[in-house]
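One structure is given here, and the rest of the page talks about it.
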Amino acid sequence: MIDNKGTTAESSRLNRWLQELVQRRGSDLLLVSGAPASIRREGKVSALEPGNLTGPEIEAAVVAVLTPHAREQYQAAGITDSSYRLGSAGRFRVNLHRQKGAAAAAIRALPSQVPSLGELNLPAGLESLAHLHHGLVLVGGPAGSGKSTTLAALVETINEREARHIVTIEDPVEYEHRHGKSLIEQIEIGVDAPDFPTALRSALRQSADVLVLGEMRDPETMKIAVAAAETGHLVLSTLHTIDVASTVSRISDSFPSERQNTIRQELAMAISAVLTQVLVPSLRGGRVPAVELLMVGYGARQHIRRNALQHVHQEITMTKNKGSFTLEDCLAQLVREEKVDREEAMAVANHPDELKSLLKGPGQS
């Protein structure tokens, strides 16, 4: 991880923007050519200062703080992720890429402390995931929905309560965990290992109880992760998806058609839980997560084997006694608690009619 305090004019300019981002309590610094440096705060984007940036300006500012591996990756592919520490301002996740032939960047501020599930306003029922001792747990959601933060909070819950050996594999490392009851190793791709499959195979030889993959990006990583979950490890990972069914299908769909049936059989045996989340504007300011959780049982495993994922939503409803709940259950609760506006909830619901039915009652129509 680079710890660069700004020895060049380019990095000094970036450091100033990042310090301003932190002071304004923004979540992301966004740099796009032809537009001013901007920040995202509570989901809304606003200019940080006047004056439009150019692609070369953005590239010079950001390349200066990349790890050597990330610089090479950017030069080779035009896109890379890296981590960056800026003194008291804290740590940042850096994504440098290209658009319209010019450099652009999205840089996220990372909290210095790992938040708890309660601090994230996540449903208390998610704590049950920390008690699992084997199987695959997937966290899905669109980009920017807080998947990595939820994953970190789950790891911290395990760390506080269980004496286990936890190995995280990330590109880059987002949250730095301190040893608690658990012993935690954190592997950064490009710094500690060349890629996810290599790091994951190595972790399987390190007597790890819990494996945490920042993201499953390729079939090889998915295959190893599913096998690890089948053989007694607890494997936690994220995927860019929108609901439980698409989170499950993303894995099988990543393989060639002739292998998809086999991976579905393996996945059906390995998977223990799937949760997906979106962020919804809060009536109290900021955004709150709305979550859907499927605790996988016999019925869901059969649907996965048969690729009948259209029945998964029904399975969530049928396993509420096991801890499952729908996105609409969560949204209805947020509306009742006056945390979220009814119309905002309806806008993000996967099944609006179901949500409307749940909200009928005293004071609702």
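Chain labels run A, B, ... following the order of the structure tokens; each chain numbers its residues from 1, and ligands are numbered from 1 in the order shown.
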Practice task
Would you return as JSON, numbers by chain the members of range 201-294 of chain A that DSSP assigns to alpha helix (DSSP H) on this structure's backbone?
Solution key: {"A": [201, 202, 203, 204, 219, 220, 221, 222, 223, 224, 225, 226, 227, 228, 229, 230, 244, 245, 246, 247, 248, 249, 250, 251, 252, 253, 257, 258, 259, 260, 261, 262, 263, 264, 265, 266, 267, 268, 269, 270]}
Since we have the selection now, will you write its residues out, keeping C-alpha atoms, as a PDB file, in the first residue's frame?
```pdb
ATOM      1  CA  ARG A 201      -5.279 -21.497  -3.398  1.00  0.00           C
ATOM      2  CA  SER A 202      -2.571 -20.333  -0.996  1.00  0.00           C
ATOM      3  CA  ALA A 203      -5.152 -19.456   1.673  1.00  0.00           C
ATOM      4  CA  LEU A 204      -6.541 -22.993   1.494  1.00  0.00           C
ATOM      5  CA  PRO A 219     -14.727 -18.388 -13.217  1.00  0.00           C
ATOM      6  CA  GLU A 220     -11.501 -19.786 -11.785  1.00  0.00           C
ATOM      7  CA  THR A 221     -11.921 -17.844  -8.532  1.00  0.00           C
ATOM      8  CA  MET A 222     -15.588 -18.859  -8.368  1.00  0.00           C
ATOM      9  CA  LYS A 223     -14.749 -22.543  -8.870  1.00  0.00           C
ATOM     10  CA  ILE A 224     -12.140 -22.546  -6.084  1.00  0.00           C
ATOM     11  CA  ALA A 225     -14.439 -20.594  -3.755  1.00  0.00           C
ATOM     12  CA  VAL A 226     -17.352 -22.987  -4.286  1.00  0.00           C
ATOM     13  CA  ALA A 227     -15.068 -25.988  -3.698  1.00  0.00           C
ATOM     14  CA  ALA A 228     -13.699 -24.403  -0.520  1.00  0.00           C
ATOM     15  CA  ALA A 229     -17.222 -23.825   0.792  1.00  0.00           C
ATOM     16  CA  GLU A 230     -18.121 -27.448   0.000  1.00  0.00           C
ATOM     17  CA  VAL A 244     -31.060 -12.915  -4.855  1.00  0.00           C
ATOM     18  CA  ALA A 245     -31.879 -14.807  -8.065  1.00  0.00           C
ATOM     19  CA  SER A 246     -29.439 -12.791 -10.198  1.00  0.00           C
ATOM     20  CA  THR A 247     -26.728 -13.202  -7.549  1.00  0.00           C
ATOM     21  CA  VAL A 248     -27.003 -16.980  -7.783  1.00  0.00           C
ATOM     22  CA  SER A 249     -27.243 -17.030 -11.582  1.00  0.00           C
ATOM     23  CA  ARG A 250     -24.204 -14.732 -11.972  1.00  0.00           C
ATOM     24  CA  ILE A 251     -21.946 -17.565 -10.867  1.00  0.00           C
ATOM     25  CA  SER A 252     -23.272 -20.296 -13.171  1.00  0.00           C
ATOM     26  CA  ASP A 253     -23.624 -17.857 -16.084  1.00  0.00           C
ATOM     27  CA  SER A 257     -22.573 -23.471 -21.314  1.00  0.00           C
ATOM     28  CA  GLU A 258     -21.258 -27.055 -21.201  1.00  0.00           C
ATOM     29  CA  ARG A 259     -20.052 -26.538 -17.592  1.00  0.00           C
ATOM     30  CA  GLN A 260     -23.001 -24.594 -16.207  1.00  0.00           C
ATOM     31  CA  ASN A 261     -25.010 -27.607 -15.094  1.00  0.00           C
ATOM     32  CA  THR A 262     -22.029 -28.998 -13.161  1.00  0.00           C
ATOM     33  CA  ILE A 263     -21.332 -25.717 -11.388  1.00  0.00           C
ATOM     34  CA  ARG A 264     -25.026 -25.403 -10.484  1.00  0.00           C
ATOM     35  CA  GLN A 265     -24.897 -28.814  -8.763  1.00  0.00           C
ATOM     36  CA  GLU A 266     -21.784 -27.792  -6.838  1.00  0.00           C
ATOM     37  CA  LEU A 267     -23.185 -24.360  -5.986  1.00  0.00           C
ATOM     38  CA  ALA A 268     -26.428 -25.882  -4.714  1.00  0.00           C
ATOM     39  CA  MET A 269     -24.423 -27.932  -2.201  1.00  0.00           C
ATOM     40  CA  ALA A 270     -22.054 -25.134  -1.188  1.00  0.00           C
TER      41      ALA A 270
END
```
Exercise for the section: May I have the residues within 7 Å of Glu185 in chain A as a count of residues only, using only C-alpha atoms and disregarding those fewer than 2 positions away in the same chain? Expected result: 5
Handout entry: Gln314 in chain A surroundings by only C-alpha atoms, 10 Å radius, close-in-sequence under 5 positions cut, as a PyMOL selection string
Key = chain A and resi 299-300+309+319+326
Dump C-alpha atoms for the selected residues as a PDB file, in the first residue's frame?
```pdb
ATOM      1  CA  GLY A 299     -36.124 -26.022  -1.582  1.00  0.00           C
ATOM      2  CA  ALA A 300     -33.675 -23.324  -2.734  1.00  0.00           C
ATOM      3  CA  LEU A 309     -34.456 -19.370 -10.103  1.00  0.00           C
ATOM      4  CA  THR A 319     -38.160 -19.814   4.921  1.00  0.00           C
ATOM      5  CA  THR A 326     -37.677 -10.140   1.390  1.00  0.00           C
TER       6      THR A 326
END
```
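Closest to Leu110 in chain A among A:Asp28, A:Val139, A:Asp81, A:Lys181 is A:Asp28, based on only C-alpha atoms.
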Exercise for the section: Give the answer as one residue: which of A:Met318, A:Gly90, A:Asp243, A:Thr238 has the shortest atom-to-atom distance to His351 in chain A, using only C-alpha atoms? Expected result: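 Using only C-alpha atoms, His351 in chain A sits closest to A:Asp243.
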Exercise for the section: Check the smallest atom-to-atom distance from each of A:Leu154, A:Ile169, A:Met346, A:Leu334 to Thr198 in chain A using only C-alpha atoms, then report the winner. Expected result: A:Ile169
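Between CA of Lys339 in chain A and CA of Pro352 in chain A the separation is 18.2 Å.
Using only C-alpha atoms, the smallest distance between any of A:Gly34, A:Gly26, A:Leu236, A:Leu331 and Ser46 in chain A comes from A:Gly26.
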Handout entry: Counting only C-alpha atoms, the option among A:Ala103, A:Ile39, A:Leu293, A:Ile304 closest to Glu127 in chain A
Key = A:Leu293
Problem - A:Gly214, A:Gly101, A:Gly180, A:Gly297 ranked by distance to Ser324 in chain A, top pick (using only C-alpha atoms) - result: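 Closest to Ser324 in chain A of all the choices is A:Gly297.
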Select from range 203-288 of chain A every residue with an atom at most 10 Å from any atom of range 144-148 of chain A, then for each give the shortest pair of atoms and their distance in Å to one decimal, using only C-alpha atoms, rows by chain and rising number, as a Markdown table.
```
| residue | atom | partner | partner_atom | distance |
| --- | --- | --- | --- | --- |
| A:Leu213 | CA | A:Ser148 | CA | 9.8 |
| A:Gly214 | CA | A:Ser148 | CA | 6.9 |
| A:Glu215 | CA | A:Ser148 | CA | 8.7 |
| A:Ser237 | CA | A:Ser148 | CA | 8.7 |
| A:Thr238 | CA | A:Lys147 | CA | 6.5 |
| A:Leu239 | CA | A:Lys147 | CA | 8.3 |
| A:His240 | CA | A:Lys147 | CA | 8.8 |
| A:Leu275 | CA | A:Lys147 | CA | 9.6 |
| A:Thr276 | CA | A:Lys147 | CA | 8.2 |
| A:Gln277 | CA | A:Ser145 | CA | 6.6 |
| A:Val278 | CA | A:Ser145 | CA | 5.2 |
| A:Leu279 | CA | A:Ser145 | CA | 5.6 |
| A:Val280 | CA | A:Ser145 | CA | 9.3 |
| A:Arg287 | CA | A:Ser145 | CA | 9.9 |
| A:Val288 | CA | A:Ser145 | CA | 9.7 |
```
Exercise for the section: Please run DSSP on the backbone and report, as a ChimeraX atom specification, all residues within range 87-324 of chain A that come out as strand (DSSP E or B). Expected result: /A:90-99,102-110,135-141,165-170,183-189,193,210-213,234-240,271-281,287-295
Problem - Nearby residues (only C-alpha atoms) at most 12 Å from His131 in chain A, same-chain spacing under 6 positions excluded, as an MDAnalysis selection string - result: chainID A and resid 125 137 154:155 157:164 210 234 272:273
Can those selected residues be exported to a file as a compact mmCIF listing (two decimals), in the first residue's frame so that it contains C-alpha atoms?
```txt
# COMPACT_ATOMS: atom_id res chain seq x y z
CA GLY A 125 -31.11 -10.80 11.54
CA VAL A 137 -22.33 -16.51 1.71
CA LEU A 154 -19.76 -9.36 9.08
CA VAL A 155 -16.04 -10.12 9.40
CA THR A 157 -18.80 -9.57 14.03
CA ILE A 158 -17.00 -12.91 13.64
CA ASN A 159 -13.80 -11.31 14.94
CA GLU A 160 -15.53 -10.10 18.10
CA ARG A 161 -17.26 -13.38 18.92
CA GLU A 162 -15.35 -16.31 17.45
CA ALA A 163 -11.80 -17.62 17.77
CA ARG A 164 -11.15 -18.35 14.10
CA VAL A 210 -13.03 -18.08 7.06
CA LEU A 234 -16.92 -20.36 5.44
CA SER A 272 -25.58 -21.20 2.67
CA ALA A 273 -27.01 -17.69 2.34
```
Exercise for the section: Between CA of Leu21 in chain A and CA of Glu344 in chain A, measure the distance and give it in Å to one decimal. Expected result: 27.1 Å
Report as a compact mmCIF listing (two decimals) with C-alpha atoms, in the first residue's frame all protein, DNA and RNA residues lying within 10 Å of range 114-118 of chain A, evaluated on only C-alpha atoms, omitting residues in the same chain fewer than 4 positions from it.
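Output contents, as saved in part-v2.txt:
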```txt
# COMPACT_ATOMS: atom_id res chain seq x y z
CA LEU A 110 -12.58 4.44 3.65
CA LEU A 122 -28.67 -3.24 8.81
CA PRO A 123 -31.34 -5.65 10.07
CA ALA A 124 -30.37 -7.50 13.26
CA GLY A 125 -31.11 -10.80 11.54
CA LEU A 126 -27.89 -10.54 9.54
CA GLU A 127 -25.91 -11.36 12.68
CA THR A 149 -18.87 -2.40 4.01
CA THR A 150 -21.46 -5.04 4.90
CA LEU A 151 -18.86 -7.74 4.27
CA ALA A 152 -16.39 -5.96 6.55
CA ALA A 153 -19.04 -5.63 9.28
CA LEU A 154 -19.76 -9.36 9.08
CA VAL A 155 -16.04 -10.12 9.40
CA GLU A 156 -15.83 -7.82 12.41
CA THR A 157 -18.80 -9.57 14.03
CA GLU A 174 -10.53 -1.61 1.96
CA TYR A 175 -10.98 -2.01 5.71
CA GLU A 176 -8.07 -2.78 8.01
CA HIS A 177 -9.10 -5.29 10.67
CA ARG A 178 -7.39 -5.58 14.04
```
Problem - Distance query His97 in chain A at most 6 Å, only C-alpha atoms, self and fewer than 5 positions along chain excluded, as a PyMOL selection string - result: chain A and resi 78-79+103-104
Exercise for the section: Work out how far apart CA of Ser12 in chain A and CA of Val191 in chain A are and give it in Å to one decimal. Expected result: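 Interatomic distance here is 24.0 Å.
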Show which residues sit within 12 Å of Arg342 in chain A, as a PDB file with C-alpha atoms, in the first residue's frame. Count only C-alpha atoms, and ignore same-chain residues fewer than 2 positions away.
```
ATOM      1  CA  VAL A 280     -32.440   4.305  -0.128  1.00  0.00           C
ATOM      2  CA  PRO A 281     -32.624   8.060   0.652  1.00  0.00           C
ATOM      3  CA  SER A 282     -33.528   8.504   4.306  1.00  0.00           C
ATOM      4  CA  LEU A 283     -36.061  10.976   5.688  1.00  0.00           C
ATOM      5  CA  GLU A 328     -40.220  -5.674   0.579  1.00  0.00           C
ATOM      6  CA  LEU A 331     -38.677  -1.635   3.007  1.00  0.00           C
ATOM      7  CA  ALA A 332     -42.044  -1.871   4.767  1.00  0.00           C
ATOM      8  CA  GLN A 333     -40.287  -1.820   8.129  1.00  0.00           C
ATOM      9  CA  LEU A 334     -38.239   1.238   7.126  1.00  0.00           C
ATOM     10  CA  VAL A 335     -41.433   3.056   6.068  1.00  0.00           C
ATOM     11  CA  ARG A 336     -43.211   2.139   9.313  1.00  0.00           C
ATOM     12  CA  GLU A 337     -40.257   3.434  11.319  1.00  0.00           C
ATOM     13  CA  GLU A 338     -40.438   6.685   9.309  1.00  0.00           C
ATOM     14  CA  LYS A 339     -36.889   6.268   8.101  1.00  0.00           C
ATOM     15  CA  VAL A 340     -37.823   6.086   4.402  1.00  0.00           C
ATOM     16  CA  GLU A 344     -38.844   6.081  -2.333  1.00  0.00           C
ATOM     17  CA  ALA A 345     -39.485   2.571  -1.042  1.00  0.00           C
ATOM     18  CA  MET A 346     -41.855   1.791  -3.909  1.00  0.00           C
ATOM     19  CA  ALA A 347     -39.254   3.011  -6.401  1.00  0.00           C
ATOM     20  CA  VAL A 348     -36.655   0.434  -5.341  1.00  0.00           C
ATOM     21  CA  ALA A 349     -38.969  -2.505  -4.566  1.00  0.00           C
ATOM     22  CA  PRO A 352     -44.147  -3.206  -5.681  1.00  0.00           C
ATOM     23  CA  LEU A 355     -44.813  -3.910  -0.728  1.00  0.00           C
ATOM     24  CA  LYS A 356     -48.141  -2.142  -1.193  1.00  0.00           C
ATOM     25  CA  LEU A 358     -47.438  -5.065   3.389  1.00  0.00           C
ATOM     26  CA  LEU A 359     -48.031  -1.363   3.962  1.00  0.00           C
ATOM     27  CA  LYS A 360     -51.797  -1.690   4.206  1.00  0.00           C
ATOM     28  CA  GLN A 364     -51.570   3.191   5.450  1.00  0.00           C
ATOM     29  CA  SER A 365     -53.522   2.854   2.201  1.00  0.00           C
TER      30      SER A 365
END
```
